[in-house]
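Student: My questions will all concern the structure given below.
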Amino acid sequence: LLGISILLYLVGFALWYPPTHAIEDEVGFLNTALIWSEGALTTEAAGLGELSETQLGPRGRTGWRNAGRSLLTAPVLATLGYRATFAVGALIHVLLALVAGLALRRMGRSAAWALLLLWHPSLLLYSRAIMADALGALCLCTAAWTLLSKRYVLAGLALGCACVARYHLGASIPVVVLTVLAVSGRGPALRVVLGGGAVGACLLGYNQLMFGHPLGATGQGHFGLGYLGRNLAHYASALGLIWPGMLLAPLGWGLWRWLRRGEHVAPEVDQRGAILLSLSLPLFGILLVYYFFDAEGSSLQRRVVLGQRLLLPAIPAWVLLYAQVLSEEFPGDWFGAERRQRFLGALAPLVAVAGLIGGGALMAKHQSYLEELVAQRDQATQV
């Protein structure tokens with residue numbers, strides 16, 4: 001079912017293939033990729049002159065946005081051209097669904113739960129844009145899969161790559177390391193640090209070289225406790241409205257574990273819950289006090305779909321935890337484990353069909369918006 005749904009997503013993506021970029025962020029990732037596609041690190045060395053979304057550093061002018069998305073885009077831009085760069089977003093989206101399917105199988109759950117990522121409106125929409133958040137989601141999902149598979153060095157590498165995609169995802173690393181230390185011991189935790197440190201050292205070195213500071217270009221966005229109430233209401237409603245009850249998955253896991261406190265629970269089940277919490281809750285906590293532009297002055301639909309952009313990297317672990325909680329049998333559960341599994345199995349085709357219809361409508365609507373942008377830009381060029 002997941003494979004068929006992925007194929008249908010790709011058909012829809014090809015049918016409504018993005019004709020252009022829409023926002024300033026995409027220009028930044030594209031311009032950095034353009035510099036690198038010329039085999040250079042600065043606009044001067046690439047012979048491109050001054051480009052927007054670049055910053056003057058010790059060695060010249062270069063793109064200041066997080067490097068991960070541009071690293072993937074540059075080879076495609078160099079070999080196949082501008083229009084082909086949008087296909088990278090579709091590739092990231094498909095890989096995210098497949099890796100989530102592998103993680104679910106490792107958890108003993110059906111890979112069909114990955115449909116909740118494939119047809120997630122926010123992830124689907126941003127798969128059509130040249131942005132870094134979905135890449136961060138893929139890296140953290142890969143970290144979840146490799147941690148559940150006890151491949152700790154690979155998990156560290158995935159966490160490091162998540163930071164290359166979006167710097168703020170580095171906040172997850174100490175939480176994950178401490179979690180692995182608590183549930184698996186010192187050796188696995190050190191291997192996570194080794195993998196993450198290797199990528200982190202490269203990132204810090206690049207930033208020092210190009211920007212004169214190991215953290216690179218800083219100062220974008222701002223934090224404040226005044227955002228807490230508004231952001232909590234926004235993210236809580238967004239997480240709860242798209243997939244019913246998903247917001248409560250961490251609480252559901254805690255409740256299930258408390259109810260089972262007097263019983264023997266397999267260690268791998270405890271480890272699974274702790275790992276997924278460490279990959280989802282830190283980013284959620286950070287964003288509660290961080291400003292984002294989609295919170296005000298727009299419709300509920302826009303706030304729910306577009307307003308989850310910064311939270312997207314945490315969505316895969318949240319979905320995996322959601323699948324875990326809904327598949328568990330709670331003490332005194334009148335529904336019963338067998339009946340629950342039959343019910344969830346019957347829902348999977350309905351989710352696939354609903355996702356296809358909703359996803360197709362979303363792609364068509366976004367395509368119309370992009371085509372209007374193309375017409376406006378053509379008209380401005382003629383004037």
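Ligands are numbered from 1 in the order shown, residues from 1 within each chain, and chains are lettered A, B, ... in the order they appear in the structure tokens.
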With only C-alpha atoms counted and 12 Å as the cut-off, give the residues of stretch 19-68 of chain A in contact with stretch 351-366 of chain A, each with its shortest interatomic distance in Å and the pair that gives it, as CSV.

Tutor:
residue,atom,partner,partner_atom,distance
A:Pro19,CA,A:His366,CA,10.5
A:Thr20,CA,A:His366,CA,11.1
A:His21,CA,A:His366,CA,11.2
A:Ala22,CA,A:His366,CA,10.1

Student: Neighbouring residues of A:Val164 were defined as those with any atom within 10 Å, considering only C-alpha atoms; residues of the same chain fewer than 3 positions away were excluded. Please report them as a list of chain:residue names.

Tutor: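 After dropping sequence-adjacent residues, the list is A:Asn66, A:Ala67, A:Gly68, A:Arg69, A:Leu71, A:Ala132, A:Leu135, A:Gly136, A:Cys139, A:Ala158, A:Leu159, A:Gly160, A:Cys161, A:Tyr167, A:His168, A:Leu169, A:Gly170, A:Val199, A:Gly200, A:Cys202, A:Leu203, A:Leu204.
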
Student: Under the rule that only C-alpha atoms are counted, which of A:Leu181, A:Leu34, A:Ala137, A:Leu154 is the nearest residue to A:Gly81?

Tutor: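 Of A:Leu181, A:Leu34, A:Ala137, A:Leu154, the one nearest A:Gly81, counting only C-alpha atoms, is A:Leu34.
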
Student: Please return, as JSON, numbers by chain, all residues of stretch 76-294 of chain A that DSSP assigns to alpha helix (DSSP H) on the basis of the backbone.

Tutor: {"A": [76, 77, 78, 79, 80, 86, 87, 88, 89, 90, 91, 92, 93, 94, 95, 96, 97, 98, 99, 100, 101, 102, 103, 104, 105, 106, 115, 116, 117, 118, 121, 122, 123, 124, 125, 126, 133, 134, 135, 136, 137, 138, 139, 140, 141, 142, 143, 144, 145, 146, 147, 148, 152, 153, 154, 155, 156, 157, 158, 159, 160, 161, 162, 163, 164, 165, 172, 173, 174, 175, 176, 177, 178, 179, 180, 181, 182, 183, 184, 186, 187, 188, 189, 190, 191, 192, 193, 194, 195, 196, 197, 198, 199, 200, 201, 202, 203, 204, 205, 206, 207, 208, 209, 210, 211, 228, 229, 230, 231, 232, 233, 234, 235, 236, 237, 238, 239, 240, 241, 242, 249, 250, 251, 252, 253, 254, 255, 256, 257, 258, 259, 267, 268, 269, 270, 271, 272, 273, 274, 275, 276, 277, 278, 279, 280, 281, 282, 283, 284, 285, 286, 287]}

Student: Tell me, as a PyMOL selection string, which residues lie within 7 Å of A:Leu247, counting only C-alpha atoms; anything in the same chain fewer than 5 positions away does not count.

Tutor: chain A and resi 236+239-240

Student: Excluding stretch 119-123 of chain A and any residue of its chain fewer than 5 positions from it, enumerate the residues within 7 Å of it, using only C-alpha atoms, and give them as a PDB file with N, CA, C and O atoms, in the first residue's frame.

Tutor:
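The file below, around_6.pdb, is the result:
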ATOM      1  N   ALA A 134      12.244  19.757   5.305  1.00  0.00           N
ATOM      2  CA  ALA A 134      11.954  18.355   5.011  1.00  0.00           C
ATOM      3  C   ALA A 134      13.226  17.514   5.019  1.00  0.00           C
ATOM      4  O   ALA A 134      13.207  16.340   5.406  1.00  0.00           O
ATOM      5  N   VAL A 305      -1.181  24.426   7.899  1.00  0.00           N
ATOM      6  CA  VAL A 305      -0.319  23.794   6.895  1.00  0.00           C
ATOM      7  C   VAL A 305       1.035  24.483   6.794  1.00  0.00           C
ATOM      8  O   VAL A 305       2.089  23.854   6.929  1.00  0.00           O
ATOM      9  N   LEU A 306       1.039  25.792   6.574  1.00  0.00           N
ATOM     10  CA  LEU A 306       2.300  26.508   6.426  1.00  0.00           C
ATOM     11  C   LEU A 306       2.995  26.724   7.762  1.00  0.00           C
ATOM     12  O   LEU A 306       4.225  26.729   7.839  1.00  0.00           O
ATOM     13  N   GLN A 308       3.521  24.920  10.224  1.00  0.00           N
ATOM     14  CA  GLN A 308       4.273  23.799  10.803  1.00  0.00           C
ATOM     15  C   GLN A 308       5.662  23.662  10.205  1.00  0.00           C
ATOM     16  O   GLN A 308       6.383  22.719  10.545  1.00  0.00           O
ATOM     17  N   ARG A 309       6.060  24.594   9.344  1.00  0.00           N
ATOM     18  CA  ARG A 309       7.321  24.425   8.615  1.00  0.00           C
ATOM     19  C   ARG A 309       8.502  24.156   9.542  1.00  0.00           C
ATOM     20  O   ARG A 309       9.270  23.210   9.341  1.00  0.00           O
ATOM     21  N   LEU A 312       8.558  20.672  11.131  1.00  0.00           N
ATOM     22  CA  LEU A 312       8.565  19.485  10.261  1.00  0.00           C
ATOM     23  C   LEU A 312       9.624  18.451  10.631  1.00  0.00           C
ATOM     24  O   LEU A 312       9.352  17.246  10.564  1.00  0.00           O
ATOM     25  N   GLY A 355      -5.727  10.639   1.519  1.00  0.00           N
ATOM     26  CA  GLY A 355      -4.479  11.347   1.290  1.00  0.00           C
ATOM     27  C   GLY A 355      -4.263  11.667  -0.171  1.00  0.00           C
ATOM     28  O   GLY A 355      -3.819  12.762  -0.525  1.00  0.00           O
ATOM     29  N   GLY A 359      -4.108  15.339  -1.129  1.00  0.00           N
ATOM     30  CA  GLY A 359      -2.796  15.713  -1.651  1.00  0.00           C
ATOM     31  C   GLY A 359      -2.871  16.227  -3.072  1.00  0.00           C
ATOM     32  O   GLY A 359      -2.200  17.200  -3.430  1.00  0.00           O
TER      33      GLY A 359
END

Student: Mind checking which residues fall within 7 Å of stretch 269-277 of chain A, counting only C-alpha atoms, ignoring those fewer than 6 positions away in the same chain, and posting them as a list of chain:residue names?

Tutor: A:Ala144, A:Leu148, A:Val176, A:Thr179, A:Val183, A:Pro250, A:Ala317, A:Leu321

Student: Can you spit out the residues from that selection as a PDB file, in the first residue's frame, using all heavy atoms?

Tutor:
ATOM      1  N   ALA A 144      16.219   8.093  13.882  1.00  0.00           N
ATOM      2  CA  ALA A 144      15.297   7.227  14.627  1.00  0.00           C
ATOM      3  C   ALA A 144      15.459   5.778  14.184  1.00  0.00           C
ATOM      4  O   ALA A 144      15.563   4.862  15.021  1.00  0.00           O
ATOM      5  CB  ALA A 144      13.862   7.695  14.419  1.00  0.00           C
ATOM      6  N   LEU A 148      16.920   2.800  16.550  1.00  0.00           N
ATOM      7  CA  LEU A 148      16.102   1.615  16.835  1.00  0.00           C
ATOM      8  C   LEU A 148      16.782   0.339  16.365  1.00  0.00           C
ATOM      9  O   LEU A 148      16.549  -0.740  16.914  1.00  0.00           O
ATOM     10  CB  LEU A 148      14.734   1.764  16.155  1.00  0.00           C
ATOM     11  CG  LEU A 148      13.836   2.889  16.678  1.00  0.00           C
ATOM     12  CD1 LEU A 148      12.604   3.051  15.796  1.00  0.00           C
ATOM     13  CD2 LEU A 148      13.425   2.628  18.117  1.00  0.00           C
ATOM     14  N   VAL A 176      19.354  13.393  22.779  1.00  0.00           N
ATOM     15  CA  VAL A 176      19.437  12.024  22.261  1.00  0.00           C
ATOM     16  C   VAL A 176      20.602  11.279  22.921  1.00  0.00           C
ATOM     17  O   VAL A 176      20.465  10.112  23.334  1.00  0.00           O
ATOM     18  CB  VAL A 176      19.591  12.026  20.726  1.00  0.00           C
ATOM     19  CG1 VAL A 176      19.890  10.619  20.210  1.00  0.00           C
ATOM     20  CG2 VAL A 176      18.333  12.564  20.064  1.00  0.00           C
ATOM     21  N   THR A 179      19.734  10.331  26.361  1.00  0.00           N
ATOM     22  CA  THR A 179      18.739   9.264  26.336  1.00  0.00           C
ATOM     23  C   THR A 179      19.389   7.916  26.048  1.00  0.00           C
ATOM     24  O   THR A 179      19.107   6.917  26.717  1.00  0.00           O
ATOM     25  CB  THR A 179      17.661   9.564  25.280  1.00  0.00           C
ATOM     26  OG1 THR A 179      17.022  10.800  25.597  1.00  0.00           O
ATOM     27  CG2 THR A 179      16.622   8.464  25.232  1.00  0.00           C
ATOM     28  N   VAL A 183      19.461   4.579  28.453  1.00  0.00           N
ATOM     29  CA  VAL A 183      18.763   3.336  28.113  1.00  0.00           C
ATOM     30  C   VAL A 183      19.678   2.260  27.534  1.00  0.00           C
ATOM     31  O   VAL A 183      19.332   1.082  27.556  1.00  0.00           O
ATOM     32  CB  VAL A 183      17.599   3.604  27.127  1.00  0.00           C
ATOM     33  CG1 VAL A 183      16.609   4.579  27.718  1.00  0.00           C
ATOM     34  CG2 VAL A 183      18.099   4.108  25.777  1.00  0.00           C
ATOM     35  N   PRO A 250       2.846  11.731  22.971  1.00  0.00           N
ATOM     36  CA  PRO A 250       3.791  11.621  24.097  1.00  0.00           C
ATOM     37  C   PRO A 250       3.092  11.364  25.431  1.00  0.00           C
ATOM     38  O   PRO A 250       3.568  10.563  26.249  1.00  0.00           O
ATOM     39  CB  PRO A 250       4.499  12.985  24.105  1.00  0.00           C
ATOM     40  CG  PRO A 250       4.389  13.474  22.694  1.00  0.00           C
ATOM     41  CD  PRO A 250       3.029  13.004  22.240  1.00  0.00           C
ATOM     42  N   ALA A 317       9.279  11.505  14.002  1.00  0.00           N
ATOM     43  CA  ALA A 317       9.353  10.817  15.300  1.00  0.00           C
ATOM     44  C   ALA A 317       8.004  10.874  16.003  1.00  0.00           C
ATOM     45  O   ALA A 317       7.606   9.910  16.681  1.00  0.00           O
ATOM     46  CB  ALA A 317      10.436  11.457  16.168  1.00  0.00           C
ATOM     47  N   LEU A 321       5.817   7.620  17.160  1.00  0.00           N
ATOM     48  CA  LEU A 321       5.299   7.464  18.514  1.00  0.00           C
ATOM     49  C   LEU A 321       3.782   7.309  18.504  1.00  0.00           C
ATOM     50  O   LEU A 321       3.218   6.531  19.281  1.00  0.00           O
ATOM     51  CB  LEU A 321       5.710   8.672  19.359  1.00  0.00           C
ATOM     52  CG  LEU A 321       5.516   8.561  20.868  1.00  0.00           C
ATOM     53  CD1 LEU A 321       6.342   7.411  21.446  1.00  0.00           C
ATOM     54  CD2 LEU A 321       5.899   9.865  21.557  1.00  0.00           C
TER      55      LEU A 321
END
